[in-house]
Every structure is written in C-alpha cells, then in structure tokens.
$ cat run13.cif   # mmCIF, C-alpha atoms
data_structure
#
loop_
_atom_site.group_PDB
_atom_site.id
_atom_site.type_symbol
_atom_site.label_atom_id
_atom_site.label_comp_id
_atom_site.auth_asym_id
_atom_site.auth_seq_id
_atom_site.Cartn_x
_atom_site.Cartn_y
_atom_site.Cartn_z
ATOM 1 C CA MET A 1 -28.031 14.373 13.230
ATOM 2 C CA ASP A 2 -29.178 17.929 13.803
ATOM 3 C CA PRO A 3 -32.357 18.337 11.661
ATOM 4 C CA THR A 4 -31.606 22.023 11.221
ATOM 5 C CA VAL A 5 -28.319 21.251 9.463
ATOM 6 C CA ALA A 6 -28.579 20.139 5.867
ATOM 7 C CA PRO A 7 -26.563 16.992 5.051
ATOM 8 C CA ALA A 8 -23.479 17.472 2.921
ATOM 9 C CA ALA A 9 -24.174 17.132 -0.774
ATOM 10 C CA PRO A 10 -22.734 13.947 -2.299
ATOM 11 C CA LEU A 11 -19.568 14.413 -4.297
ATOM 12 C CA THR A 12 -20.052 14.447 -8.062
ATOM 13 C CA GLY A 13 -16.505 15.335 -9.095
ATOM 14 C CA LEU A 14 -12.999 15.927 -7.826
ATOM 15 C CA ARG A 15 -11.865 19.210 -6.287
ATOM 16 C CA HIS A 16 -8.878 19.697 -8.601
ATOM 17 C CA LYS A 17 -8.281 19.592 -12.331
ATOM 18 C CA ASP A 18 -5.250 17.315 -11.808
ATOM 19 C CA LEU A 19 -4.518 13.921 -10.256
ATOM 20 C CA LEU A 20 -0.931 14.231 -9.066
ATOM 21 C CA GLY A 21 -0.883 11.860 -6.105
ATOM 22 C CA ILE A 22 -2.939 10.099 -3.469
ATOM 23 C CA ALA A 23 -1.997 12.640 -0.796
ATOM 24 C CA GLY A 24 -4.125 15.246 -2.570
ATOM 25 C CA LEU A 25 -7.290 13.124 -2.384
ATOM 26 C CA THR A 26 -9.679 13.005 0.554
ATOM 27 C CA PRO A 27 -11.049 9.613 1.658
ATOM 28 C CA GLU A 28 -14.405 10.700 0.219
ATOM 29 C CA GLU A 29 -12.811 11.396 -3.161
ATOM 30 C CA VAL A 30 -11.104 8.007 -3.137
ATOM 31 C CA VAL A 31 -14.421 6.282 -2.431
ATOM 32 C CA LEU A 32 -16.069 8.354 -5.181
ATOM 33 C CA ILE A 33 -13.450 7.149 -7.686
ATOM 34 C CA LEU A 34 -13.889 3.510 -6.619
ATOM 35 C CA ASP A 35 -17.686 3.755 -6.761
ATOM 36 C CA THR A 36 -17.543 5.409 -10.188
ATOM 37 C CA ALA A 37 -15.164 2.701 -11.411
ATOM 38 C CA GLU A 38 -17.815 0.092 -10.611
ATOM 39 C CA ALA A 39 -20.142 1.774 -13.100
ATOM 40 C CA MET A 40 -17.337 2.112 -15.635
ATOM 41 C CA LYS A 41 -16.507 -1.580 -15.364
ATOM 42 C CA GLU A 42 -20.023 -2.366 -16.537
ATOM 43 C CA VAL A 43 -19.290 -0.441 -19.758
ATOM 44 C CA GLY A 44 -16.475 -2.885 -20.483
ATOM 45 C CA GLN A 45 -18.936 -5.792 -20.291
ATOM 46 C CA ARG A 46 -21.238 -4.407 -22.988
ATOM 47 C CA ALA A 47 -21.250 -5.527 -26.603
ATOM 48 C CA ILE A 48 -20.368 -1.954 -27.612
ATOM 49 C CA LYS A 49 -17.804 -0.816 -25.058
ATOM 50 C CA LYS A 50 -18.207 2.929 -25.481
ATOM 51 C CA VAL A 51 -20.062 5.859 -23.924
ATOM 52 C CA PRO A 52 -20.106 9.470 -25.204
ATOM 53 C CA THR A 53 -19.076 11.009 -21.878
ATOM 54 C CA LEU A 54 -15.845 12.690 -23.065
ATOM 55 C CA ARG A 55 -16.814 13.277 -26.673
ATOM 56 C CA GLY A 56 -15.102 16.445 -27.870
ATOM 57 C CA LYS A 57 -12.297 16.172 -25.299
ATOM 58 C CA THR A 58 -8.702 15.625 -26.417
ATOM 59 C CA ILE A 59 -6.308 13.664 -24.184
ATOM 60 C CA VAL A 60 -2.569 13.489 -24.864
ATOM 61 C CA ASN A 61 -0.597 10.531 -23.523
ATOM 62 C CA LEU A 62 2.966 11.732 -22.910
ATOM 63 C CA PHE A 63 5.121 8.818 -21.764
ATOM 64 C CA PHE A 64 8.845 9.458 -21.266
ATOM 65 C CA GLU A 65 9.350 5.979 -19.774
ATOM 66 C CA ALA A 66 8.561 2.535 -21.153
ATOM 67 C CA SER A 67 5.099 1.245 -20.294
ATOM 68 C CA THR A 68 2.762 -1.492 -21.437
ATOM 69 C CA ARG A 69 -0.081 -1.841 -18.917
ATOM 70 C CA THR A 70 -0.456 1.805 -17.877
ATOM 71 C CA ARG A 71 -0.195 3.382 -21.323
ATOM 72 C CA THR A 72 -2.469 0.812 -22.970
ATOM 73 C CA SER A 73 -4.950 1.015 -20.092
ATOM 74 C CA PHE A 74 -5.203 4.803 -20.333
ATOM 75 C CA GLU A 75 -5.628 4.657 -24.091
ATOM 76 C CA ILE A 76 -8.425 2.087 -23.887
ATOM 77 C CA ALA A 77 -10.086 4.086 -21.090
ATOM 78 C CA GLU A 78 -9.981 7.254 -23.196
ATOM 79 C CA LYS A 79 -11.420 5.523 -26.250
ATOM 80 C CA ARG A 80 -14.235 3.944 -24.232
ATOM 81 C CA LEU A 81 -15.161 7.428 -23.005
ATOM 82 C CA SER A 82 -15.146 8.654 -26.660
ATOM 83 C CA ALA A 83 -12.283 11.099 -26.133
ATOM 84 C CA ASP A 84 -9.912 11.961 -28.972
ATOM 85 C CA THR A 85 -6.578 10.387 -28.033
ATOM 86 C CA LEU A 86 -3.061 11.314 -29.089
ATOM 87 C CA ASN A 87 -0.015 9.230 -28.121
ATOM 88 C CA VAL A 88 3.258 11.142 -28.327
ATOM 89 C CA ALA A 89 6.168 8.868 -29.244
ATOM 90 C CA ILE A 90 9.076 10.353 -27.309
ATOM 91 C CA ALA A 91 11.655 8.439 -29.345
ATOM 92 C CA THR A 92 10.552 10.288 -32.486
ATOM 93 C CA SER A 93 9.718 13.633 -30.861
ATOM 94 C CA SER A 94 11.766 16.805 -30.487
ATOM 95 C CA VAL A 95 12.863 15.590 -27.044
ATOM 96 C CA THR A 96 15.579 13.664 -28.911
ATOM 97 C CA LYS A 97 16.788 17.038 -30.246
ATOM 98 C CA GLY A 98 17.172 18.473 -26.759
ATOM 99 C CA GLU A 99 13.739 19.994 -26.161
ATOM 100 C CA THR A 100 12.902 20.279 -22.462
ATOM 101 C CA LEU A 101 9.848 18.801 -20.781
ATOM 102 C CA VAL A 102 8.451 22.308 -20.216
ATOM 103 C CA ASP A 103 8.849 23.320 -23.856
ATOM 104 C CA THR A 104 7.316 20.029 -25.017
ATOM 105 C CA ALA A 105 4.361 20.516 -22.671
ATOM 106 C CA MET A 106 3.842 24.156 -23.635
ATOM 107 C CA ASN A 107 3.799 23.278 -27.322
ATOM 108 C CA ILE A 108 1.210 20.569 -26.666
ATOM 109 C CA GLU A 109 -0.709 23.010 -24.459
ATOM 110 C CA ALA A 110 -0.843 25.481 -27.377
ATOM 111 C CA MET A 111 -2.964 22.916 -29.240
ATOM 112 C CA ALA A 112 -5.590 23.085 -26.432
ATOM 113 C CA PRO A 113 -5.833 19.511 -25.163
ATOM 114 C CA SER A 114 -8.240 18.810 -22.304
ATOM 115 C CA MET A 115 -5.827 16.602 -20.369
ATOM 116 C CA ILE A 116 -2.244 15.362 -20.469
ATOM 117 C CA VAL A 117 -1.402 11.944 -19.036
ATOM 118 C CA LEU A 118 2.282 12.088 -18.072
ATOM 119 C CA ARG A 119 4.832 9.445 -17.156
ATOM 120 C CA HIS A 120 8.310 10.749 -16.451
ATOM 121 C CA ALA A 121 11.514 9.559 -14.772
ATOM 122 C CA SER A 122 11.805 12.708 -12.648
ATOM 123 C CA SER A 123 9.862 12.904 -9.394
ATOM 124 C CA GLY A 124 7.585 15.941 -9.419
ATOM 125 C CA ALA A 125 7.469 16.324 -13.205
ATOM 126 C CA CYS A 126 3.673 16.224 -13.235
ATOM 127 C CA HIS A 127 3.510 18.848 -10.466
ATOM 128 C CA LEU A 128 5.612 21.142 -12.645
ATOM 129 C CA LEU A 129 3.244 20.751 -15.594
ATOM 130 C CA ALA A 130 0.200 21.262 -13.371
ATOM 131 C CA ARG A 131 1.541 24.718 -12.460
ATOM 132 C CA ILE A 132 2.074 25.849 -16.041
ATOM 133 C CA CYS A 133 -0.668 24.072 -18.021
ATOM 134 C CA ARG A 134 -4.351 24.855 -18.253
ATOM 135 C CA ALA A 135 -4.960 21.245 -19.269
ATOM 136 C CA GLY A 136 -5.594 18.721 -16.504
ATOM 137 C CA ILE A 137 -2.513 16.678 -15.643
ATOM 138 C CA VAL A 138 -2.804 13.006 -14.700
ATOM 139 C CA ASN A 139 0.216 11.403 -13.074
ATOM 140 C CA ALA A 140 0.922 8.031 -14.709
ATOM 141 C CA GLY A 141 4.087 7.576 -12.634
ATOM 142 C CA ASP A 142 6.760 10.143 -11.790
ATOM 143 C CA GLY A 143 10.201 8.871 -10.833
ATOM 144 C CA LEU A 144 10.266 7.381 -7.334
ATOM 145 C CA HIS A 145 7.399 9.593 -6.185
ATOM 146 C CA GLU A 146 3.900 8.262 -6.913
ATOM 147 C CA HIS A 147 1.704 6.195 -9.238
ATOM 148 C CA PRO A 148 -1.795 7.159 -8.054
ATOM 149 C CA THR A 149 -3.929 5.292 -10.587
ATOM 150 C CA GLN A 150 -2.080 2.047 -9.803
ATOM 151 C CA ALA A 151 -2.932 2.439 -6.118
ATOM 152 C CA LEU A 152 -6.549 3.221 -6.997
ATOM 153 C CA LEU A 153 -6.919 0.119 -9.159
ATOM 154 C CA ASP A 154 -5.258 -1.951 -6.442
ATOM 155 C CA ALA A 155 -7.746 -0.615 -3.882
ATOM 156 C CA PHE A 156 -10.607 -1.271 -6.290
ATOM 157 C CA THR A 157 -9.447 -4.876 -6.745
ATOM 158 C CA ILE A 158 -9.097 -5.405 -2.988
ATOM 159 C CA ARG A 159 -12.544 -3.961 -2.295
ATOM 160 C CA GLU A 160 -14.058 -6.009 -5.119
ATOM 161 C CA ARG A 161 -12.647 -9.248 -3.714
ATOM 162 C CA LYS A 162 -12.888 -8.522 0.017
ATOM 163 C CA GLY A 163 -15.870 -6.180 0.198
ATOM 164 C CA ARG A 164 -13.893 -3.678 2.275
ATOM 165 C CA ILE A 165 -10.430 -2.250 2.891
ATOM 166 C CA ALA A 166 -10.669 -1.053 6.495
ATOM 167 C CA GLY A 167 -9.214 -3.560 8.954
ATOM 168 C CA LEU A 168 -7.523 -5.782 6.377
ATOM 169 C CA LYS A 169 -3.896 -6.782 6.834
ATOM 170 C CA VAL A 170 -2.016 -5.892 3.662
ATOM 171 C CA ALA A 171 1.594 -7.049 3.281
ATOM 172 C CA ILE A 172 3.664 -5.247 0.648
ATOM 173 C CA VAL A 173 6.893 -7.109 -0.109
ATOM 174 C CA GLY A 174 9.829 -6.271 -2.356
ATOM 175 C CA ASP A 175 11.844 -3.299 -3.550
ATOM 176 C CA LEU A 176 10.296 -0.679 -1.299
ATOM 177 C CA LEU A 177 13.018 1.907 -1.805
ATOM 178 C CA HIS A 178 12.554 2.449 -5.537
ATOM 179 C CA SER A 179 8.787 1.873 -5.753
ATOM 180 C CA ARG A 180 6.360 4.678 -6.541
ATOM 181 C CA VAL A 181 3.626 2.021 -6.354
ATOM 182 C CA LEU A 182 4.521 1.488 -2.687
ATOM 183 C CA ARG A 183 4.273 5.185 -1.851
ATOM 184 C CA SER A 184 0.872 5.593 -3.457
ATOM 185 C CA ASN A 185 -0.503 2.368 -1.990
ATOM 186 C CA VAL A 186 0.679 3.162 1.535
ATOM 187 C CA ARG A 187 -0.992 6.565 1.394
ATOM 188 C CA LEU A 188 -4.231 5.183 0.006
ATOM 189 C CA LEU A 189 -4.581 2.001 2.052
ATOM 190 C CA THR A 190 -3.789 3.674 5.369
ATOM 191 C CA LYS A 191 -6.189 6.497 4.428
ATOM 192 C CA LEU A 192 -8.923 3.866 4.106
ATOM 193 C CA GLY A 193 -8.056 2.081 7.347
ATOM 194 C CA ALA A 194 -5.980 -0.940 6.308
ATOM 195 C CA ASP A 195 -3.260 -2.417 8.536
ATOM 196 C CA VAL A 196 -0.271 -2.153 6.197
ATOM 197 C CA TRP A 197 2.976 -4.084 6.651
ATOM 198 C CA VAL A 198 6.001 -3.542 4.406
ATOM 199 C CA CYS A 199 8.853 -6.001 4.004
ATOM 200 C CA GLY A 200 12.119 -6.214 2.108
ATOM 201 C CA PRO A 201 15.879 -6.335 2.569
ATOM 202 C CA ARG A 202 17.038 -3.745 5.074
ATOM 203 C CA THR A 203 18.889 -1.988 2.247
ATOM 204 C CA LEU A 204 15.593 -1.567 0.353
ATOM 205 C CA ILE A 205 13.440 -0.233 3.199
ATOM 206 C CA PRO A 206 13.146 3.582 3.071
ATOM 207 C CA VAL A 207 14.379 5.289 6.235
ATOM 208 C CA GLY A 208 11.497 6.488 8.399
ATOM 209 C CA ILE A 209 8.775 4.707 6.437
ATOM 210 C CA GLU A 210 6.993 3.896 9.707
ATOM 211 C CA ALA A 211 6.060 7.588 9.893
ATOM 212 C CA LEU A 212 3.556 6.866 7.103
ATOM 213 C CA GLY A 213 1.615 4.591 9.449
ATOM 214 C CA VAL A 214 2.969 1.197 8.386
ATOM 215 C CA ARG A 215 4.875 -1.573 10.138
ATOM 216 C CA ALA A 216 8.228 -2.469 8.606
ATOM 217 C CA THR A 217 10.023 -5.816 8.877
ATOM 218 C CA THR A 218 12.808 -7.714 7.135
ATOM 219 C CA ARG A 219 11.115 -11.061 7.881
ATOM 220 C CA VAL A 220 8.768 -11.995 5.068
ATOM 221 C CA ASP A 221 7.127 -14.771 7.110
ATOM 222 C CA GLU A 222 6.139 -12.189 9.741
ATOM 223 C CA ALA A 223 4.728 -9.824 7.129
ATOM 224 C CA VAL A 224 2.678 -12.533 5.413
ATOM 225 C CA GLU A 225 1.403 -14.230 8.590
ATOM 226 C CA GLY A 226 -2.387 -13.850 8.651
ATOM 227 C CA ALA A 227 -2.412 -11.392 5.744
ATOM 228 C CA ASP A 228 -5.601 -10.769 3.798
ATOM 229 C CA VAL A 229 -3.675 -9.280 0.890
ATOM 230 C CA VAL A 230 -0.082 -9.858 -0.249
ATOM 231 C CA MET A 231 1.225 -7.335 -2.758
ATOM 232 C CA MET A 232 4.556 -8.131 -4.390
ATOM 233 C CA LEU A 233 6.736 -5.383 -5.873
ATOM 234 C CA ARG A 234 9.158 -5.703 -8.774
ATOM 235 C CA ILE A 235 12.896 -5.508 -8.189
ATOM 236 C CA GLN A 236 13.741 -2.345 -10.144
ATOM 237 C CA LEU A 237 17.254 -3.094 -11.286
ATOM 238 C CA GLU A 238 17.129 -0.188 -13.744
ATOM 239 C CA ARG A 239 16.910 2.270 -10.840
ATOM 240 C CA MET A 240 19.561 0.656 -8.653
ATOM 241 C CA GLN A 241 23.020 2.154 -8.439
ATOM 242 C CA GLY A 242 24.913 -0.161 -6.132
ATOM 243 C CA ALA A 243 24.580 -3.637 -4.633
ATOM 244 C CA PHE A 244 21.422 -3.854 -2.511
ATOM 245 C CA PHE A 245 21.480 -7.673 -2.163
ATOM 246 C CA PRO A 246 23.952 -10.432 -3.095
ATOM 247 C CA SER A 247 22.104 -12.003 -6.044
ATOM 248 C CA LEU A 248 18.656 -12.463 -7.575
ATOM 249 C CA ARG A 249 18.712 -16.137 -6.575
ATOM 250 C CA GLU A 250 19.389 -15.282 -2.944
ATOM 251 C CA TYR A 251 16.715 -12.590 -3.050
ATOM 252 C CA PHE A 252 14.121 -15.121 -4.196
ATOM 253 C CA THR A 253 15.200 -17.581 -1.509
ATOM 254 C CA THR A 254 14.784 -14.948 1.212
ATOM 255 C CA PHE A 255 11.925 -12.761 -0.020
ATOM 256 C CA GLY A 256 10.303 -14.484 -3.004
ATOM 257 C CA MET A 257 6.640 -15.396 -2.706
ATOM 258 C CA THR A 258 6.353 -19.176 -2.778
ATOM 259 C CA GLU A 259 3.431 -21.487 -2.128
ATOM 260 C CA ALA A 260 4.872 -22.263 1.323
ATOM 261 C CA ARG A 261 4.843 -18.568 2.239
ATOM 262 C CA VAL A 262 1.359 -18.041 0.837
ATOM 263 C CA ALA A 263 0.181 -20.811 3.174
ATOM 264 C CA ARG A 264 1.014 -18.539 6.142
ATOM 265 C CA ALA A 265 -1.571 -15.985 5.012
ATOM 266 C CA LYS A 266 -5.347 -16.164 5.393
ATOM 267 C CA ASP A 267 -7.106 -19.006 3.587
ATOM 268 C CA ASP A 268 -8.758 -16.483 1.283
ATOM 269 C CA VAL A 269 -5.674 -14.319 0.704
ATOM 270 C CA ILE A 270 -5.300 -12.528 -2.616
ATOM 271 C CA ILE A 271 -1.894 -12.147 -4.297
ATOM 272 C CA MET A 272 -1.224 -8.923 -6.193
ATOM 273 C CA HIS A 273 1.570 -7.560 -8.379
ATOM 274 C CA PRO A 274 1.615 -4.285 -10.368
ATOM 275 C CA GLY A 275 3.716 -5.864 -13.151
ATOM 276 C CA PRO A 276 5.789 -6.517 -15.016
ATOM 277 C CA ILE A 277 6.464 -9.765 -13.158
ATOM 278 C CA ASN A 278 9.966 -11.146 -12.752
ATOM 279 C CA ARG A 279 9.134 -14.823 -12.351
ATOM 280 C CA GLY A 280 11.483 -16.659 -10.046
ATOM 281 C CA VAL A 281 12.760 -13.369 -8.597
ATOM 282 C CA GLU A 282 9.952 -11.801 -6.572
ATOM 283 C CA ILE A 283 7.271 -14.415 -7.180
ATOM 284 C CA ALA A 284 7.105 -18.091 -8.166
ATOM 285 C CA SER A 285 5.175 -18.950 -11.326
ATOM 286 C CA GLU A 286 2.865 -21.310 -9.436
ATOM 287 C CA VAL A 287 1.867 -18.382 -7.192
ATOM 288 C CA ALA A 288 1.542 -15.824 -10.001
ATOM 289 C CA ASP A 289 -0.662 -18.232 -11.954
ATOM 290 C CA GLY A 290 -2.294 -19.858 -8.919
ATOM 291 C CA PRO A 291 -5.818 -19.694 -7.465
ATOM 292 C CA PHE A 292 -5.073 -16.769 -5.126
ATOM 293 C CA SER A 293 -3.637 -14.506 -7.826
ATOM 294 C CA VAL A 294 -5.644 -11.454 -8.909
ATOM 295 C CA ILE A 295 -2.871 -10.022 -11.067
ATOM 296 C CA LEU A 296 -4.882 -10.103 -14.295
ATOM 297 C CA ASP A 297 -7.906 -8.725 -12.430
ATOM 298 C CA GLN A 298 -5.739 -5.728 -11.537
ATOM 299 C CA VAL A 299 -4.994 -5.188 -15.235
ATOM 300 C CA ALA A 300 -8.668 -5.435 -16.189
ATOM 301 C CA ASN A 301 -9.725 -3.135 -13.360
ATOM 302 C CA GLY A 302 -7.127 -0.573 -14.399
ATOM 303 C CA VAL A 303 -9.243 0.390 -17.400
ATOM 304 C CA ALA A 304 -12.375 0.991 -15.295
ATOM 305 C CA VAL A 305 -10.493 2.978 -12.649
ATOM 306 C CA ARG A 306 -8.776 5.178 -15.229
ATOM 307 C CA MET A 307 -12.103 5.765 -16.951
ATOM 308 C CA ALA A 308 -13.468 6.900 -13.584
ATOM 309 C CA VAL A 309 -10.516 9.241 -12.982
ATOM 310 C CA LEU A 310 -10.792 10.880 -16.408
ATOM 311 C CA TYR A 311 -14.569 11.201 -16.116
ATOM 312 C CA LEU A 312 -14.410 12.799 -12.673
ATOM 313 C CA LEU A 313 -11.576 15.165 -13.580
ATOM 314 C CA ALA A 314 -13.730 16.300 -16.486
ATOM 315 C CA GLY A 315 -16.457 17.263 -14.025
ATOM 316 C CA GLY A 316 -18.350 14.027 -13.425
ATOM 317 C CA ALA A 317 -22.098 14.467 -13.164
ATOM 318 C CA GLU A 318 -21.713 18.223 -13.650
ATOM 319 C CA HIS A 319 -20.153 17.540 -17.040
ATOM 320 C CA GLU A 320 -23.108 15.347 -18.059
ATOM 321 C CA THR A 321 -25.589 18.022 -16.904
ATOM 322 C CA ALA A 322 -23.842 20.628 -19.028
ATOM 323 C CA ALA A 323 -23.629 18.361 -22.050
#
$ encode --input "run13.cif" --output "structure tokens"
Amino acid sequence: MDPTVAPAAPLTGLRHKDLLGIAGLTPEEVVLILDTAEAMKEVGQRAIKKVPTLRGKTIVNLFFEASTRTRTSFEIAEKRLSADTLNVAIATSSVTKGETLVDTAMNIEAMAPSMIVLRHASSGACHLLARICRAGIVNAGDGLHEHPTQALLDAFTIRERKGRIAGLKVAIVGDLLHSRVLRSNVRLLTKLGADVWVCGPRTLIPVGIEALGVRATTRVDEAVEGADVVMMLRIQLERMQGAFFPSLREYFTTFGMTEARVARAKDDVIIMHPGPINRGVEIASEVADGPFSVILDQVANGVAVRMAVLYLLAGGAEHETAA
C-alpha cells in the first residue's frame, strides 16, 4: 500500500436513504449490513431486547400483500430499535375506496414518517415511492422484482453457518420464474463470489437467466450434487396464469427435495426455504424438519438483519454521534 495514500474510511452507513434492491448495494455495503446484523442479533439475546437507536423515528409498515414472516419481522425489528411503529391495514384503508398507491403514500408522507416499509404486488412500486417521498423507502417485496431483505438474511444465515459465501456452491431450486427471492439472492450471492446454480422445470426458468452469472439446469440431481447450500423456493400458484407443470404430485416427484436428494450434497449442507413452506410439494417434511434445515434460523436472523438495515438507513454510527 502506498504510505502517502490514506486508507479508505470504513463505511458507517449506506449511501442512499432507500433500500430498493440488491443491485443498488456495493459488496462493501452488503458486508456492512451483515456485520451490523451480528451486533443486532446480540440485542435479541438480552433479557431486555431493546436499544434506543431509533427513538423518535416513526416507521410505517405498508403491506398491500399478505405476509407473516416479513411483516412481523420488520415490526419486531422496529420495536427493538425503539422506533414508533404504525401498521396500515390495507383491507380497512381508503385503498378499498379506490385511492391510488401514490395518494396513499403522499397522505402518509404528510404525517412526516421517517421510513415506509412497502410490500406491493406491482414490480417497481417502491421505486415510484422513493422518487416522490422524503421518507426512506424499504422494499419488503415488489411483485416479481426483488425482496432485498430476504436475500440479506439468507446471506447472513449462510455466512453464520459456513463462515464465508465466496466459493460456495449454492443450488436454488423451484419456481424461478415468479420468485423475487430468486432475483435478489442471485444478485447478492454472485456479488459475494458464490457459485450459484438454479434449477426448475423448463417452463419456470426465466429466459436468459444465465446472463446474471448463474448456471441453469432442469436436472435437480445435477444442481444439488456437491452443493454447500440448497435453497428451495415456493411454488407460487397465486401468480401463475397457465399450466407450468402437470400436477403438484409430479412436481414433487421430479423437483421436490427429499432425503435421497439431500444425500447428493455436501455432508454439511444446509437446507433453506424463505417460507411459507408447501410440505410435500417443494420439500419433504423430514427434510424441512431435519438436521440440515436452517429454515427457522432464517426467520430468527431476519429480525437482526432488518434491524441492521433500518439502523444503517437512519445513518448508522453518524446517527449515534448526532444523538
């Protein structure tokens, strides 16, 4: 290193006020989030699981789609950071009277929240709000586009169990076409140096997905062979318009993760699933509940990762200095 050149200052926050997708994060920012999440996980192990980091901040959770894990995880993360939290129930909001997303957001914006956590069925909805809102926008899943915090918690779980991400073989199996989890994970895992394989019926493999730096196959045994990580994806019947495979039973026979298929992977493989699980469709119960499964670890880690994201979007160490 040239002694006349000062080393780059360590990152203490994220460059943008919003988290819209993995593509907008540098590898250094991803590592910063994962490192920060390690500290946040320790908060969840205390007797009093709360820190005053976001005291005085108001965060609105605006979910236009059904959610259990993501919505609950964000709410717990916000409360542990001492933020004031508001959950907008879409079913009882003015959206049912015909109000548009923009008008809903602008009315919430008029109440001066610090951040809005948005889940919406339309791809790009969070990008739209980021352009018109002063509040920070966090993408909690937009259509078929991205689900960045899911990918971050998946990466955190992999790193926690494996000690690294670079060089690992990660097989992602299932409904690739309709999965925003796939798109975020591919961007993140390849960004951090993983060897990513994707597998599913030919009808459910997005055209040109290899351009994202992954290997695609319709043979699940090939994808799983020697894998360090196997990530199963849910069959999203609610997004399918047409027949993509003959039946759920045949899908499980051909692509379902069974103990026999797990045996093809590394001896210390970890099995992941973003949930909700369709048992007997994409994964057998003995695998989902077996010794290699880290599915509940993913759920637990989701709180720590989302705490890290909210903390860093609020300014990270700079925020604490100003407090």
$ resolve_selection --input "run13.cif" --expression "the PyMOL selection byres ((chain A and resi 230) around 7)" --output "PyMOL selection string"
chain A and resi 170-172+224+227-229+231-232+270-272
$ atom_distance --input "run13.cif" --atom1 "atom CA of A:Gly315" --atom2 "atom CA of A:Arg46"
23.9 Å
$ atom_distance --input "run13.cif" --atom1 "atom CA of A:Glu99" --atom2 "atom CA of A:Ser114"
22.3 Å
$ residues_around --input "run13.cif" --residues "stretch 275-289 of chain A" --least-positions-apart "6" --cutoff "10 Å" --atoms "all atoms listed in the file" --output "count of residues only"
32
$ resolve_selection --input "run13.cif" --expression "the PyMOL selection byres ((chain A and resi 312) around 12)" --output "MDAnalysis selection string"
chainID A and resid 11:19 29:30 32:37 40 53:54 81 136 138 305:311 313:320
$ resolve_selection --input "run13.cif" --expression "the PyMOL selection byres ((chain A and resi 182-190) around 7)" --output "PyMOL selection string"
chain A and resi 22-23+145-148+151+176+179-181+191-196+213
$ atom_distance --input "run13.cif" --atom1 "atom CA of A:Glu78" --atom2 "atom CA of A:Asn301"
14.3 Å
$ closest_residue --input "run13.cif" --among "A:Glu160, A:Pro291, A:Cys133, A:Pro52" --to "A:Asp103" --atoms "only C-alpha atoms"
A:Cys133
$ build_atoms --input "run13.cif" --residues "stretch 213-219 of chain A" --atoms "all heavy atoms" --output "PDB file, in the frame of the given file"
ATOM      1  N   GLY A 213       2.667   5.389   8.831  1.00  0.00           N
ATOM      2  CA  GLY A 213       1.615   4.591   9.449  1.00  0.00           C
ATOM      3  C   GLY A 213       1.649   3.124   9.113  1.00  0.00           C
ATOM      4  O   GLY A 213       0.624   2.437   9.219  1.00  0.00           O
ATOM      5  N   VAL A 214       2.832   2.612   8.719  1.00  0.00           N
ATOM      6  CA  VAL A 214       2.969   1.197   8.386  1.00  0.00           C
ATOM      7  C   VAL A 214       3.921   0.521   9.361  1.00  0.00           C
ATOM      8  O   VAL A 214       4.663   1.183  10.091  1.00  0.00           O
ATOM      9  CB  VAL A 214       3.489   1.006   6.948  1.00  0.00           C
ATOM     10  CG1 VAL A 214       2.595   1.720   5.957  1.00  0.00           C
ATOM     11  CG2 VAL A 214       4.927   1.518   6.811  1.00  0.00           C
ATOM     12  N   ARG A 215       3.916  -0.800   9.359  1.00  0.00           N
ATOM     13  CA  ARG A 215       4.875  -1.573  10.138  1.00  0.00           C
ATOM     14  C   ARG A 215       5.893  -2.162   9.173  1.00  0.00           C
ATOM     15  O   ARG A 215       5.508  -2.771   8.158  1.00  0.00           O
ATOM     16  CB  ARG A 215       4.181  -2.690  10.917  1.00  0.00           C
ATOM     17  CG  ARG A 215       3.075  -2.194  11.823  1.00  0.00           C
ATOM     18  CD  ARG A 215       2.613  -3.313  12.746  1.00  0.00           C
ATOM     19  NE  ARG A 215       1.188  -3.244  12.985  1.00  0.00           N
ATOM     20  CZ  ARG A 215       0.538  -4.012  13.852  1.00  0.00           C
ATOM     21  NH1 ARG A 215       1.203  -4.919  14.540  1.00  0.00           N
ATOM     22  NH2 ARG A 215      -0.756  -3.888  14.023  1.00  0.00           N
ATOM     23  N   ALA A 216       7.163  -1.995   9.483  1.00  0.00           N
ATOM     24  CA  ALA A 216       8.228  -2.469   8.606  1.00  0.00           C
ATOM     25  C   ALA A 216       8.942  -3.660   9.245  1.00  0.00           C
ATOM     26  O   ALA A 216       9.166  -3.688  10.454  1.00  0.00           O
ATOM     27  CB  ALA A 216       9.229  -1.351   8.324  1.00  0.00           C
ATOM     28  N   THR A 217       9.301  -4.648   8.411  1.00  0.00           N
ATOM     29  CA  THR A 217      10.023  -5.816   8.877  1.00  0.00           C
ATOM     30  C   THR A 217      10.898  -6.349   7.750  1.00  0.00           C
ATOM     31  O   THR A 217      10.608  -6.127   6.572  1.00  0.00           O
ATOM     32  CB  THR A 217       9.059  -6.925   9.352  1.00  0.00           C
ATOM     33  OG1 THR A 217       9.817  -8.066   9.772  1.00  0.00           O
ATOM     34  CG2 THR A 217       8.117  -7.348   8.235  1.00  0.00           C
ATOM     35  N   THR A 218      11.959  -7.039   8.123  1.00  0.00           N
ATOM     36  CA  THR A 218      12.808  -7.714   7.135  1.00  0.00           C
ATOM     37  C   THR A 218      12.493  -9.203   7.076  1.00  0.00           C
ATOM     38  O   THR A 218      13.139  -9.935   6.339  1.00  0.00           O
ATOM     39  CB  THR A 218      14.299  -7.523   7.479  1.00  0.00           C
ATOM     40  OG1 THR A 218      14.546  -8.041   8.803  1.00  0.00           O
ATOM     41  CG2 THR A 218      14.705  -6.061   7.413  1.00  0.00           C
ATOM     42  N   ARG A 219      11.498  -9.643   7.839  1.00  0.00           N
ATOM     43  CA  ARG A 219      11.115 -11.061   7.881  1.00  0.00           C
ATOM     44  C   ARG A 219       9.822 -11.258   7.115  1.00  0.00           C
ATOM     45  O   ARG A 219       8.754 -10.867   7.568  1.00  0.00           O
ATOM     46  CB  ARG A 219      10.963 -11.530   9.327  1.00  0.00           C
ATOM     47  CG  ARG A 219      12.254 -11.464  10.133  1.00  0.00           C
ATOM     48  CD  ARG A 219      12.020 -11.818  11.593  1.00  0.00           C
ATOM     49  NE  ARG A 219      11.306 -13.095  11.711  1.00  0.00           N
ATOM     50  CZ  ARG A 219      10.372 -13.342  12.618  1.00  0.00           C
ATOM     51  NH1 ARG A 219      10.006 -12.405  13.476  1.00  0.00           N
ATOM     52  NH2 ARG A 219       9.788 -14.529  12.666  1.00  0.00           N
TER      53      ARG A 219
END
